[in-house]
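Visitor: So here's protein07.cif (mmCIF, C-alpha atoms and all ligand atoms).
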```cif
data_coords
#
loop_
_atom_site.label_atom_id
_atom_site.label_comp_id
_atom_site.auth_asym_id
_atom_site.auth_seq_id
_atom_site.Cartn_x
_atom_site.Cartn_y
_atom_site.Cartn_z
CA MET A 1 -190.96 -87.17 155.64
CA SER A 2 -194.64 -87.77 155.27
CA ARG A 3 -197.18 -85.02 155.90
CA ARG A 4 -198.34 -85.13 159.48
CA PRO A 5 -201.91 -84.53 160.54
CA LYS A 6 -202.49 -81.37 162.57
CA SER A 7 -204.12 -83.01 165.58
CA LYS A 8 -201.69 -84.07 168.29
CA ALA A 9 -203.71 -87.22 168.86
CA PHE A 10 -202.34 -88.60 165.61
CA GLN A 11 -198.69 -88.06 166.47
CA ALA A 12 -196.46 -90.14 168.70
CA PRO A 13 -195.82 -88.31 171.99
CA LYS A 14 -192.72 -86.11 171.96
CA GLY A 15 -189.54 -88.12 172.41
CA MET A 16 -191.27 -91.44 171.72
CA ASN A 17 -190.76 -93.37 168.53
CA ASP A 18 -192.10 -96.15 166.38
CA VAL A 19 -189.57 -98.89 165.76
CA LEU A 20 -190.22 -99.37 162.05
CA PRO A 21 -189.67 -102.50 159.94
CA GLY A 22 -186.58 -100.91 158.36
CA VAL A 23 -184.57 -101.13 161.60
CA GLN A 24 -185.99 -104.39 162.95
CA LYS A 25 -182.98 -106.35 161.72
CA TYR A 26 -180.81 -104.40 164.18
CA TRP A 27 -183.24 -104.95 167.05
CA GLY A 28 -183.51 -108.63 166.19
CA LYS A 29 -179.74 -109.00 166.14
CA PHE A 30 -179.41 -107.12 169.42
CA PHE A 31 -181.86 -109.36 171.27
CA LYS A 32 -180.46 -112.55 169.78
CA VAL A 33 -176.87 -111.74 170.73
CA SER A 34 -177.60 -110.27 174.17
CA LYS A 35 -179.85 -113.16 175.18
CA GLU A 36 -177.42 -115.82 173.95
CA LEU A 37 -174.53 -114.29 175.86
CA ALA A 38 -176.63 -113.62 178.97
CA VAL A 39 -177.66 -117.27 179.11
CA TYR A 40 -174.07 -118.43 178.54
CA TYR A 41 -172.92 -116.23 181.42
CA GLY A 42 -175.52 -117.79 183.73
CA PHE A 43 -178.16 -115.05 183.72
CA ASP A 44 -181.86 -115.91 183.99
CA VAL A 45 -184.36 -113.85 182.02
CA ILE A 46 -187.01 -111.97 184.00
CA GLU A 47 -189.62 -109.36 183.12
CA THR A 48 -191.01 -106.81 185.52
CA PRO A 49 -193.95 -104.38 185.17
CA ILE A 50 -193.46 -101.09 183.35
CA LEU A 51 -195.26 -99.39 186.25
CA GLU A 52 -194.05 -99.62 189.84
CA TYR A 53 -194.89 -97.65 192.98
CA ALA A 54 -193.16 -94.28 192.62
CA ASP A 55 -191.64 -94.75 196.08
CA LEU A 56 -189.59 -97.70 194.84
CA PHE A 57 -187.61 -95.37 192.60
CA LYS A 58 -187.50 -92.56 195.14
CA LYS A 59 -186.04 -94.88 197.77
CA GLY A 60 -183.71 -96.53 195.28
CA MET A 61 -182.34 -93.74 193.17
CA GLY A 62 -182.12 -90.93 195.70
CA LEU A 63 -184.31 -87.86 195.97
CA ASN A 64 -181.78 -85.41 194.63
CA THR A 65 -181.05 -87.10 191.35
CA ASP A 66 -182.27 -85.44 188.15
CA VAL A 67 -184.24 -88.53 187.29
CA ILE A 68 -186.35 -88.42 190.45
CA GLU A 69 -186.61 -84.64 190.65
CA HIS A 70 -187.53 -83.82 187.09
CA GLU A 71 -187.75 -86.77 184.79
CA MET A 72 -190.07 -89.37 186.26
CA TYR A 73 -193.49 -89.90 184.69
CA THR A 74 -195.90 -90.41 187.58
CA LEU A 75 -199.61 -91.01 187.81
CA LYS A 76 -202.24 -91.45 190.46
CA THR A 77 -204.51 -94.43 189.89
CA LYS A 78 -208.27 -94.39 190.49
CA GLY A 79 -207.57 -96.37 193.66
CA GLY A 80 -205.23 -93.62 194.88
CA ASP A 81 -201.91 -95.41 194.31
CA PHE A 82 -199.01 -93.25 193.22
CA LEU A 83 -197.23 -95.09 190.40
CA ALA A 84 -194.34 -94.26 188.07
CA LEU A 85 -193.31 -95.41 184.62
CA ARG A 86 -189.97 -97.04 185.35
CA PRO A 87 -187.06 -94.67 184.64
CA GLU A 88 -184.58 -97.58 184.76
CA LEU A 89 -184.67 -101.35 185.25
CA THR A 90 -182.55 -102.06 188.31
CA ALA A 91 -185.01 -101.00 191.04
CA GLY A 92 -187.69 -103.29 189.59
CA ALA A 93 -185.19 -106.17 189.48
CA VAL A 94 -184.35 -105.64 193.15
CA ARG A 95 -188.05 -105.50 194.05
CA ALA A 96 -188.65 -108.77 192.13
CA TYR A 97 -185.60 -110.38 193.79
CA LEU A 98 -186.94 -109.57 197.25
CA GLU A 99 -190.64 -110.15 196.63
CA ASN A 100 -190.16 -113.58 195.05
CA GLY A 101 -187.83 -115.04 197.65
CA PHE A 102 -184.66 -115.10 195.53
CA ALA A 103 -182.78 -113.74 198.55
CA ASN A 104 -183.29 -117.13 200.25
CA GLN A 105 -181.87 -119.14 197.36
CA PRO A 106 -178.18 -119.92 196.81
CA GLN A 107 -176.40 -116.75 195.68
CA PRO A 108 -175.42 -115.16 193.38
CA ILE A 109 -178.70 -114.64 191.55
CA LYS A 110 -178.21 -113.29 188.04
CA PHE A 111 -181.01 -111.53 186.18
CA PHE A 112 -181.19 -110.37 182.58
CA HIS A 113 -184.08 -108.20 181.49
CA TYR A 114 -184.91 -105.65 178.84
CA GLY A 115 -187.70 -103.31 177.91
CA PRO A 116 -188.82 -99.71 177.66
CA VAL A 117 -187.93 -97.09 180.27
CA PHE A 118 -189.23 -93.53 180.48
CA ARG A 119 -187.66 -90.21 181.33
CA HIS A 120 -189.25 -86.84 180.79
CA GLU A 121 -186.28 -84.90 179.49
CA SER A 122 -185.53 -82.82 176.38
CA PRO A 123 -185.25 -85.20 173.45
CA GLN A 124 -182.01 -85.05 171.44
CA ALA A 125 -180.05 -87.41 169.20
CA GLY A 126 -179.84 -90.80 170.90
CA ARG A 127 -181.79 -89.56 173.93
CA TYR A 128 -185.52 -90.14 174.01
CA ARG A 129 -188.37 -90.00 176.52
CA GLU A 130 -189.22 -93.61 175.87
CA PHE A 131 -186.11 -95.68 175.26
CA HIS A 132 -185.06 -99.27 175.75
CA GLN A 133 -182.48 -100.86 177.97
CA ALA A 134 -181.07 -104.33 178.40
CA ASP A 135 -180.06 -104.80 182.00
CA PHE A 136 -177.84 -107.28 183.85
CA ASP A 137 -177.97 -107.61 187.62
CA VAL A 138 -176.02 -109.91 189.94
CA PHE A 139 -177.18 -110.20 193.55
CA GLY A 140 -175.45 -111.62 196.59
CA GLU A 141 -171.78 -111.59 195.64
CA GLU A 142 -169.16 -109.06 196.62
CA ASP A 143 -166.21 -110.67 194.83
CA ALA A 144 -164.48 -108.42 192.29
CA ILE A 145 -164.62 -111.21 189.72
CA LEU A 146 -168.35 -110.46 189.27
CA ASP A 147 -167.58 -106.79 188.56
CA ALA A 148 -165.19 -107.91 185.85
CA GLN A 149 -167.62 -110.50 184.52
CA VAL A 150 -170.48 -108.03 184.10
CA ILE A 151 -168.15 -105.65 182.23
CA GLN A 152 -166.78 -108.51 180.13
CA LEU A 153 -170.30 -109.69 179.25
CA ILE A 154 -171.55 -106.27 178.15
CA TYR A 155 -168.33 -105.54 176.26
CA SER A 156 -168.57 -108.93 174.51
CA ILE A 157 -172.15 -108.25 173.44
CA LEU A 158 -171.07 -105.00 171.77
CA ILE A 159 -168.19 -106.78 170.01
CA GLU A 160 -170.49 -109.62 168.88
CA LEU A 161 -172.83 -106.98 167.45
CA GLY A 162 -169.97 -105.96 165.19
CA LEU A 163 -169.01 -102.68 166.88
CA LYS A 164 -165.46 -101.34 166.83
CA ASN A 165 -163.47 -98.62 168.62
CA LEU A 166 -164.94 -99.34 172.04
CA SER A 167 -163.34 -98.46 175.31
CA ILE A 168 -164.22 -98.98 178.94
CA GLN A 169 -164.21 -96.02 181.32
CA ILE A 170 -163.85 -97.15 184.90
CA ASN A 171 -163.60 -95.67 188.36
CA SER A 172 -164.21 -96.61 191.98
CA ILE A 173 -166.23 -94.24 194.13
CA GLY A 174 -165.72 -96.24 197.34
CA ASP A 175 -168.35 -96.93 199.96
CA LYS A 176 -169.85 -95.47 203.15
CA ASN A 177 -166.53 -95.83 204.88
CA CYS A 178 -164.69 -93.79 202.24
CA TRP A 179 -167.30 -91.13 201.47
CA PRO A 180 -167.10 -88.76 204.49
CA LYS A 181 -163.43 -87.96 203.87
CA PHE A 182 -163.87 -87.62 200.10
CA ARG A 183 -166.98 -85.44 200.52
CA GLU A 184 -165.05 -83.15 202.83
CA GLU A 185 -162.20 -82.82 200.33
CA LEU A 186 -164.65 -82.12 197.51
CA LYS A 187 -166.43 -79.46 199.54
CA MET A 188 -163.15 -77.87 200.46
CA TYR A 189 -162.16 -77.72 196.80
CA TYR A 190 -165.52 -76.38 195.62
CA ARG A 191 -166.29 -73.99 198.53
CA SER A 192 -164.69 -70.95 196.93
CA LYS A 193 -166.13 -71.89 193.52
CA VAL A 194 -169.80 -72.17 194.49
CA PRO A 195 -170.76 -68.88 192.78
CA LYS A 196 -169.39 -70.28 189.50
CA LEU A 197 -171.42 -73.51 189.69
CA CYS A 198 -174.66 -74.17 187.80
CA LYS A 199 -177.99 -73.99 189.63
CA ASN A 200 -178.19 -77.76 190.19
CA CYS A 201 -174.64 -78.02 191.46
CA LYS A 202 -175.26 -75.31 194.03
CA VAL A 203 -177.80 -77.73 195.54
CA ARG A 204 -175.52 -80.72 195.02
CA PHE A 205 -172.73 -78.91 196.84
CA LYS A 206 -174.87 -79.06 199.97
CA GLU A 207 -176.62 -82.36 199.52
CA ASN A 208 -174.55 -84.66 197.33
CA PRO A 209 -171.17 -83.20 196.37
CA LEU A 210 -170.10 -86.36 194.48
CA ARG A 211 -172.65 -85.65 191.80
CA MET A 212 -171.01 -82.33 190.92
CA LEU A 213 -168.39 -84.43 189.10
CA ASP A 214 -171.13 -85.82 186.88
CA CYS A 215 -172.42 -82.40 185.77
CA LYS A 216 -172.39 -81.80 182.04
CA GLU A 217 -172.83 -77.99 182.25
CA GLU A 218 -169.88 -76.17 180.76
CA GLU A 219 -169.12 -74.00 183.79
CA CYS A 220 -168.98 -77.06 186.06
CA ALA A 221 -167.12 -79.36 183.66
CA ALA A 222 -164.27 -76.84 183.57
CA LEU A 223 -163.90 -76.93 187.35
CA LYS A 224 -163.65 -80.73 187.48
CA ALA A 225 -160.12 -80.91 186.10
CA ALA A 226 -158.42 -79.99 189.38
CA ALA A 227 -161.00 -81.58 191.69
CA PRO A 228 -159.92 -84.38 194.07
CA ASN A 229 -160.20 -87.97 192.74
CA SER A 230 -162.28 -90.56 194.55
CA VAL A 231 -159.62 -93.27 194.12
CA ASP A 232 -157.28 -91.25 196.33
CA TYR A 233 -159.77 -91.54 199.19
CA LEU A 234 -160.55 -95.26 199.07
CA ASP A 235 -160.04 -97.20 202.28
CA LYS A 236 -158.00 -100.40 202.12
CA ALA A 237 -160.94 -102.73 201.44
CA CYS A 238 -162.27 -100.60 198.57
CA HIS A 239 -158.79 -100.00 197.20
CA ASP A 240 -158.01 -103.74 197.16
CA HIS A 241 -161.37 -104.51 195.57
CA PHE A 242 -160.81 -102.00 192.77
CA LYS A 243 -157.25 -103.21 192.22
CA LEU A 244 -158.60 -106.74 191.74
CA VAL A 245 -161.25 -105.58 189.27
CA LEU A 246 -158.53 -103.93 187.17
CA GLU A 247 -156.32 -107.03 187.39
CA PHE A 248 -159.18 -109.13 186.02
CA LEU A 249 -159.67 -106.66 183.17
CA ASP A 250 -155.92 -106.74 182.45
CA GLU A 251 -156.03 -110.53 182.36
CA LEU A 252 -158.95 -110.37 179.90
CA GLY A 253 -157.05 -107.86 177.77
CA LEU A 254 -159.98 -105.44 177.78
CA PRO A 255 -159.21 -101.83 176.82
CA TYR A 256 -160.02 -99.63 179.80
CA ASN A 257 -159.22 -96.10 180.94
CA LEU A 258 -159.31 -94.91 184.51
CA ASN A 259 -161.74 -92.01 184.56
CA PRO A 260 -161.66 -90.22 187.93
CA TYR A 261 -164.75 -88.14 187.10
CA LEU A 262 -167.02 -91.05 186.44
CA VAL A 263 -169.55 -91.09 189.28
CA ARG A 264 -172.80 -92.01 187.45
CA GLY A 265 -176.06 -90.12 187.65
CA LEU A 266 -177.77 -92.22 190.31
CA ASP A 267 -177.25 -92.28 194.05
CA TYR A 268 -177.16 -96.01 194.56
CA TYR A 269 -173.71 -96.79 193.20
CA THR A 270 -170.79 -97.96 195.37
CA ARG A 271 -167.22 -98.95 194.51
CA THR A 272 -166.89 -99.89 190.80
CA VAL A 273 -168.61 -97.66 188.24
CA PHE A 274 -168.09 -98.01 184.50
CA GLU A 275 -169.21 -96.90 181.07
CA ILE A 276 -168.51 -98.44 177.71
CA VAL A 277 -168.11 -95.78 175.05
CA SER A 278 -167.62 -95.75 171.34
CA GLU A 279 -164.82 -93.43 170.21
CA ASN A 280 -165.82 -91.47 167.12
CA THR A 281 -163.28 -90.33 164.57
CA ALA A 282 -163.92 -86.73 165.62
CA GLY A 283 -162.70 -87.64 169.10
CA SER A 284 -166.13 -87.44 170.69
CA GLN A 285 -167.60 -90.37 172.62
CA THR A 286 -171.00 -91.99 172.82
CA ALA A 287 -171.84 -93.95 175.94
CA LEU A 288 -173.44 -97.25 174.90
CA ALA A 289 -173.52 -99.00 178.25
CA ALA A 290 -173.05 -98.15 181.89
CA GLY A 291 -173.29 -99.65 185.32
CA GLY A 292 -171.54 -100.42 188.54
CA ARG A 293 -171.78 -101.95 191.95
CA TYR A 294 -174.72 -101.09 194.20
CA ASP A 295 -174.06 -102.82 197.49
CA TYR A 296 -176.64 -100.80 199.50
CA LEU A 297 -179.60 -100.81 197.15
CA VAL A 298 -181.14 -104.12 198.26
CA SER A 299 -181.13 -103.05 201.92
CA GLN A 300 -182.39 -99.57 200.96
CA LEU A 301 -185.37 -101.30 199.36
CA GLY A 302 -186.18 -103.35 202.44
CA GLY A 303 -183.97 -106.44 202.07
CA LYS A 304 -181.07 -107.59 204.20
CA SER A 305 -177.64 -106.24 203.32
CA THR A 306 -176.81 -107.78 199.92
CA PRO A 307 -173.92 -106.83 197.64
CA ALA A 308 -174.88 -106.40 193.97
CA MET A 309 -173.35 -105.49 190.64
CA GLY A 310 -174.97 -104.64 187.31
CA GLY A 311 -174.94 -102.77 184.07
CA SER A 312 -177.22 -101.84 181.23
CA LEU A 313 -177.06 -101.16 177.52
CA GLY A 314 -178.95 -98.30 175.88
CA ILE A 315 -180.49 -100.19 172.98
CA GLU A 316 -181.33 -97.19 170.74
CA ARG A 317 -177.82 -95.83 171.15
CA VAL A 318 -176.28 -99.18 170.33
CA ILE A 319 -178.43 -99.44 167.21
CA ILE A 320 -177.63 -95.90 166.07
CA GLU A 321 -173.96 -96.80 166.51
CA MET A 322 -174.38 -100.05 164.53
CA GLN A 323 -175.88 -98.01 161.70
CA ARG A 324 -173.17 -95.36 161.95
CA GLN A 325 -170.45 -98.01 161.81
CA GLU A 326 -172.33 -99.69 158.93
CA VAL A 327 -172.48 -103.09 160.60
CA LYS A 328 -173.63 -105.68 158.07
CA ILE A 329 -176.53 -107.88 159.09
CA SER A 330 -177.72 -110.80 157.01
CA LEU A 331 -181.41 -110.72 156.16
CA THR A 332 -183.71 -112.29 158.70
CA LYS A 333 -186.17 -113.24 155.94
CA PRO A 334 -185.12 -116.14 153.72
CA LYS A 335 -184.87 -115.34 150.03
CA THR A 336 -187.99 -116.12 148.02
CA ARG A 337 -187.41 -119.15 145.78
CA VAL A 338 -191.02 -120.18 145.19
CA PHE A 339 -193.88 -117.83 144.32
CA LEU A 340 -197.54 -118.83 144.42
CA VAL A 341 -199.71 -117.32 141.67
CA GLN A 342 -203.49 -117.69 141.79
CA LEU A 343 -206.07 -116.85 139.16
CA GLY A 344 -209.83 -116.85 139.65
CA ASP A 345 -212.07 -117.29 142.71
CA LEU A 346 -211.71 -121.04 143.08
CA ALA A 347 -207.90 -120.90 142.93
CA LYS A 348 -207.92 -118.04 145.39
CA LYS A 349 -209.82 -120.19 147.86
CA LYS A 350 -207.34 -123.07 147.52
CA SER A 351 -204.26 -120.87 147.68
CA LEU A 352 -204.28 -120.11 151.44
CA LYS A 353 -204.29 -123.83 152.18
CA ILE A 354 -201.51 -124.61 149.71
CA PHE A 355 -199.45 -121.74 151.08
CA GLU A 356 -199.69 -123.20 154.61
CA GLU A 357 -198.93 -126.70 153.29
CA PHE A 358 -195.56 -125.47 151.99
CA ARG A 359 -194.73 -123.85 155.33
CA LYS A 360 -195.39 -127.14 157.13
CA ASN A 361 -193.00 -128.80 154.71
CA GLY A 362 -190.30 -126.24 155.38
CA ILE A 363 -190.41 -124.52 151.99
CA TYR A 364 -190.52 -120.73 152.01
CA VAL A 365 -193.16 -119.47 149.57
CA SER A 366 -194.13 -115.87 148.76
CA GLU A 367 -197.42 -114.60 147.37
CA SER A 368 -199.27 -111.47 146.32
CA PHE A 369 -202.82 -112.60 147.02
CA GLY A 370 -204.46 -109.20 146.62
CA ARG A 371 -203.51 -109.06 142.94
CA ASP A 372 -205.68 -110.81 140.38
CA SER A 373 -203.74 -110.44 137.13
CA ILE A 374 -201.28 -113.21 136.40
CA LYS A 375 -198.93 -110.71 134.79
CA ALA A 376 -198.80 -108.52 137.89
CA GLN A 377 -198.15 -111.53 140.12
CA LEU A 378 -195.35 -112.84 137.93
CA ARG A 379 -193.80 -109.38 137.96
CA VAL A 380 -193.63 -109.53 141.78
CA ALA A 381 -192.19 -113.05 141.57
CA ASP A 382 -189.50 -111.75 139.24
CA ARG A 383 -188.70 -108.78 141.43
CA LEU A 384 -188.21 -111.08 144.43
CA GLY A 385 -185.94 -113.30 142.34
CA ALA A 386 -188.15 -116.39 142.64
CA ASP A 387 -186.79 -119.45 140.85
CA LEU A 388 -190.12 -121.24 140.58
CA ALA A 389 -193.68 -120.00 140.15
CA LEU A 390 -196.58 -122.21 141.09
CA ILE A 391 -199.58 -121.16 139.03
CA ILE A 392 -203.13 -122.25 139.91
CA GLY A 393 -206.04 -121.14 137.74
CA GLN A 394 -209.66 -122.25 137.38
CA LYS A 395 -208.79 -125.33 135.34
CA GLU A 396 -205.97 -126.46 137.68
CA SER A 397 -208.23 -125.99 140.72
CA LEU A 398 -210.81 -128.32 139.20
CA ASP A 399 -208.22 -130.86 138.01
CA GLY A 400 -206.28 -130.91 141.27
CA THR A 401 -203.06 -129.75 139.57
CA ALA A 402 -200.75 -126.77 139.43
CA ILE A 403 -198.49 -125.36 136.74
CA LEU A 404 -194.84 -125.29 137.81
CA ARG A 405 -192.89 -122.66 135.90
CA GLU A 406 -189.15 -122.22 135.98
CA MET A 407 -188.81 -118.46 136.04
CA GLN A 408 -185.45 -118.19 134.28
CA SER A 409 -186.24 -120.37 131.27
CA GLY A 410 -190.02 -119.95 131.20
CA VAL A 411 -190.36 -123.73 130.84
CA GLN A 412 -193.50 -125.00 132.56
CA GLU A 413 -195.16 -128.28 133.39
CA THR A 414 -198.48 -129.37 134.94
CA ILE A 415 -198.04 -131.39 138.18
CA PRO A 416 -200.68 -133.09 140.34
CA TRP A 417 -201.05 -131.58 143.85
CA LYS A 418 -200.07 -134.79 145.54
CA LYS A 419 -196.63 -134.60 143.95
CA ILE A 420 -196.15 -130.85 144.09
CA ILE A 421 -194.11 -130.60 147.32
CA ASP A 422 -191.68 -133.31 146.21
CA GLU A 423 -191.39 -131.85 142.73
CA VAL A 424 -190.68 -128.33 144.06
CA ARG A 425 -188.08 -129.71 146.43
CA LYS A 426 -186.38 -131.61 143.61
CA ARG A 427 -186.24 -128.58 141.29
CA LEU A 428 -184.97 -126.25 144.01
CA LYS A 429 -181.98 -128.56 144.42
CA LYS A 430 -181.35 -128.51 140.70
CA ILE A 431 -181.67 -124.77 140.00
CA ALA A 432 -179.14 -122.20 141.21
CA PRO A 433 -180.88 -119.40 143.18
CA ARG A 434 -181.34 -116.11 141.31
CA ALA A 435 -180.67 -112.74 142.88
CA PRO A 436 -183.69 -110.51 143.64
CA GLN A 437 -184.22 -107.92 140.87
CA LEU A 438 -184.91 -105.08 143.28
CA THR A 439 -184.20 -105.09 146.97
CA ASN A 440 -187.09 -104.29 149.19
CA ASN A 441 -185.96 -101.23 151.12
CA ASN A 442 -187.57 -102.57 154.26
CA GLU A 443 -185.06 -105.36 154.40
ZN ZN B 1 -173.29 -78.22 187.43
ZN ZN B 2 -164.51 -98.36 201.49
#
```
Can you give me the file's structure in the form of structure tokens?
Ligand SMILES: [Zn+2]
Ligand SMILES: [Zn+2]
Guide:
Amino acid sequence: MSRRPKSKAFQAPKGMNDVLPGVQKYWGKFFKVSKELAVYYGFDVIETPILEYADLFKKGMGLNTDVIEHEMYTLKTKGGDFLALRPELTAGAVRAYLENGFANQPQPIKFFHYGPVFRHESPQAGRYREFHQADFDVFGEEDAILDAQVIQLIYSILIELGLKNLSIQINSIGDKNCWPKFREELKMYYRSKVPKLCKNCKVRFKENPLRMLDCKEEECAALKAAAPNSVDYLDKACHDHFKLVLEFLDELGLPYNLNPYLVRGLDYYTRTVFEIVSENTAGSQTALAAGGRYDYLVSQLGGKSTPAMGGSLGIERVIIEMQRQEVKISLTKPKTRVFLVQLGDLAKKKSLKIFEEFRKNGIYVSESFGRDSIKAQLRVADRLGADLALIIGQKESLDGTAILREMQSGVQETIPWKKIIDEVRKRLKKIAPRAPQLTNNNE
């Protein structure tokens, strides 16, 4: 760890992180794979603002959720608007769907988006105040095949990223028609246990009993085991829908477990809810992705009644898991085969142009322009495993030539600039690439 300056102004805010060059290969891979699959599955990419009116999230996510009550970053603008840093991506997607007339186009509409989201909670491993999600939303289709497709897509992304030991946790929480009966049963079960519940669940007992099943506090988790299951209180339509979702997953051969306590932390879910978790050797689980159906959200946010299904991946968690499982990623940078060495002011001036000339011709060239000694530059070339060095000094600059040196043998030859690209190309074909002498730890 480097020494940190005392002033807070020179530190990243608590729970917010720099994404450093050392992990960019994972981020790059994540975006490449998720975008490729999203497009294949018929999703269109959208981007929405990081700030939205705070009311959008309050109306969408429910007033009694932890996110709205405690975790939303809000601000009042100079104009008096009350805005919030988005705590998730779905509400913004719904707003964009309605505001831009997608509701009037042939359905379903499928959106893929990703970006930072913000929650003011206690930072811990894999849980930050600024984190990133990739989100998939399907609007305007009730059919269970879309539930299965969203799960299949997100599961496939994780597999394509090289992850193993994944499993799908799935449940159905029913809809408005099923909830009154289930709520009653839950309340009946919990009534005598209220004194044992955590502070939050005492409130949930009155206002949103379903969410007691989602509580992570020890005292409440223990009480869940004998609590009634939502699947036992589904009406026929919800039961048939869930049965179909599971049949699709069976047909796909996806590994799923019915998890009767999965209710999700947000109020807007209906019917199918799921999580995709990675099973650690120690038996613990990390949730990498989650989602479900949200058939009432569009109408809650001012649209006409529109069924919808979605899910999102927690990008930091996925990347931590890729590192933990030691997923191999090939370098995004091509290996250096040609190194440009310059000596003297005149050569220095020419070198930027020559460097760009090689790029235009599709030849990857490295340099160390800040260094003036030829020895130091050749040392870098050697470390990178360059096969050829192109040396331009004062004399070569005046003559319009360059010295082409084969690094392995040390054999060198003076070549006119006009022929240099062709000559380099020819030699690269002839010489077998060397391995870099030292790997750059940023790669
Ligand atoms: Zn609780
Ligand atoms: Zn129902």
Visitor: Contacts between ligand ZN 1 (chain B) and chain A, please, where a residue of chain A counts if it comes within 8 Å (with only C-alpha atoms and all ligand atoms); show its shortest atom pair and distance in Å to one decimal, rows by chain and ascending number, as CSV.
Guide:
```
residue,atom,partner,partner_atom,distance
A:Leu197,CA,B:ZN1,ZN,5.5
A:Cys198,CA,B:ZN1,ZN,4.3
A:Lys199,CA,B:ZN1,ZN,6.7
A:Asn200,CA,B:ZN1,ZN,5.6
A:Cys201,CA,B:ZN1,ZN,4.3
A:Lys202,CA,B:ZN1,ZN,7.5
A:Met212,CA,B:ZN1,ZN,5.9
A:Asp214,CA,B:ZN1,ZN,7.9
A:Cys215,CA,B:ZN1,ZN,4.6
A:Lys216,CA,B:ZN1,ZN,6.5
A:Glu217,CA,B:ZN1,ZN,5.2
A:Glu218,CA,B:ZN1,ZN,7.8
A:Glu219,CA,B:ZN1,ZN,7.0
A:Cys220,CA,B:ZN1,ZN,4.7
A:Ala221,CA,B:ZN1,ZN,7.3
```
Visitor: Of the residues A:Gly174, A:Pro21, A:Pro260, A:Gly140, which is the one nearest to ligand ZN 2 (chain B), using all atoms listed in the file?
Guide: A:Gly174
Visitor: Would you mind listing the residues within 10 Å of ligand ZN 2 (chain B), counting only C-alpha atoms and all ligand atoms, as an MDAnalysis selection string?
Guide: chainID A and resid 172:179 233:241 270:271
Visitor: As a ChimeraX atom specification, please: the residues near Asp135 in chain A (cut-off 7 Å, all atoms listed in the file, same-chain neighbours under 3 positions excluded).
Guide: /A:89,112-114,311-313
Visitor: Would you work out the distance separating CA of Met322 in chain A from CA of Glu47 in chain A, expressed in Å to one decimal?
Guide: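 The value is 25.8 Å.
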Visitor: Counting all atoms listed in the file, which residue out of A:Met16, A:Ala432, A:Val318, A:Leu51 sits closest to Leu161 in chain A?
Guide: A:Val318
Visitor: With only C-alpha atoms as the atoms that count, which of A:Asn280, A:Ser192, A:Ser366, A:Thr336 lies nearest to Arg324 in chain A?
Guide: A:Asn280
Visitor: Which one of A:Ala287, A:Leu186, A:Leu158, A:Val298 sits closest to Phe102 in chain A if you count only C-alpha atoms?
Guide: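 Nearest to Phe102 in chain A: A:Val298.
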Visitor: For each of A:Ile403, A:Ala54, A:Ile420, A:Ile145, take the minimum atom-to-atom distance to Phe82 in chain A, counting all atoms listed in the file, then give the residue where this is smallest.
Guide: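 The shortest atom-to-atom distance to Phe82 in chain A comes from A:Ala54.
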Visitor: Calculated over only C-alpha atoms, which of the candidates A:Tyr155, A:Phe182, A:Phe274, A:Tyr73 has the smallest distance to Leu252 in chain A?
Guide: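 Checking each of A:Tyr155, A:Phe182, A:Phe274, A:Tyr73 against Leu252 in chain A, counting only C-alpha atoms, the winner is A:Tyr155.
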Visitor: Skip Ser299 in chain A itself and residues of its chain fewer than 3 positions away, then list as a PyMOL selection string all residues within 12 Å of it, counting all atoms listed in the file.
Guide: chain A and resi 59-60+91+94-95+97-98+103+139-140+268+294-296+302-308
Visitor: Export C-alpha atoms of the chosen residues as a CSV table (one decimal), keeping the file's coordinate frame?
Guide:
```
chain,number,residue,atom,x,y,z
A,59,LYS,CA,-186.0,-94.9,197.8
A,60,GLY,CA,-183.7,-96.5,195.3
A,91,ALA,CA,-185.0,-101.0,191.0
A,94,VAL,CA,-184.4,-105.6,193.2
A,95,ARG,CA,-188.0,-105.5,194.0
A,97,TYR,CA,-185.6,-110.4,193.8
A,98,LEU,CA,-186.9,-109.6,197.2
A,103,ALA,CA,-182.8,-113.7,198.6
A,139,PHE,CA,-177.2,-110.2,193.6
A,140,GLY,CA,-175.4,-111.6,196.6
A,268,TYR,CA,-177.2,-96.0,194.6
A,294,TYR,CA,-174.7,-101.1,194.2
A,295,ASP,CA,-174.1,-102.8,197.5
A,296,TYR,CA,-176.6,-100.8,199.5
A,302,GLY,CA,-186.2,-103.4,202.4
A,303,GLY,CA,-184.0,-106.4,202.1
A,304,LYS,CA,-181.1,-107.6,204.2
A,305,SER,CA,-177.6,-106.2,203.3
A,306,THR,CA,-176.8,-107.8,199.9
A,307,PRO,CA,-173.9,-106.8,197.6
A,308,ALA,CA,-174.9,-106.4,194.0
```
Visitor: Can you pull out every residue within 12 Å of Glu247 in chain A, counting only C-alpha atoms, but drop anything in the same chain fewer than 3 positions away, and send it as a PyMOL selection string?
Guide: chain A and resi 144-145+147-148+240-244+250-254+256
Visitor: Please measure the separation of CA of Gly314 in chain A and CA of Phe10 in chain A, giving the value in Å to one decimal.
Guide: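 Rounded to one decimal, the two atoms are 27.3 Å apart.
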Visitor: Tell me which protein, DNA and RNA residues are within 8 Å of Lys164 in chain A, counting only C-alpha atoms, leaving out same-chain ones fewer than 3 positions away, and put them as a list in words.
Guide: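 Listed by chain and then number, they are Ile159, Ser278 and Gln325 of chain A.
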Visitor: What gap, in Å, lies between CA of Arg86 in chain A and CA of Val19 in chain A?
Guide: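 So the two atoms, CA of Arg86 in chain A and CA of Val19 in chain A, lie 19.7 Å apart.
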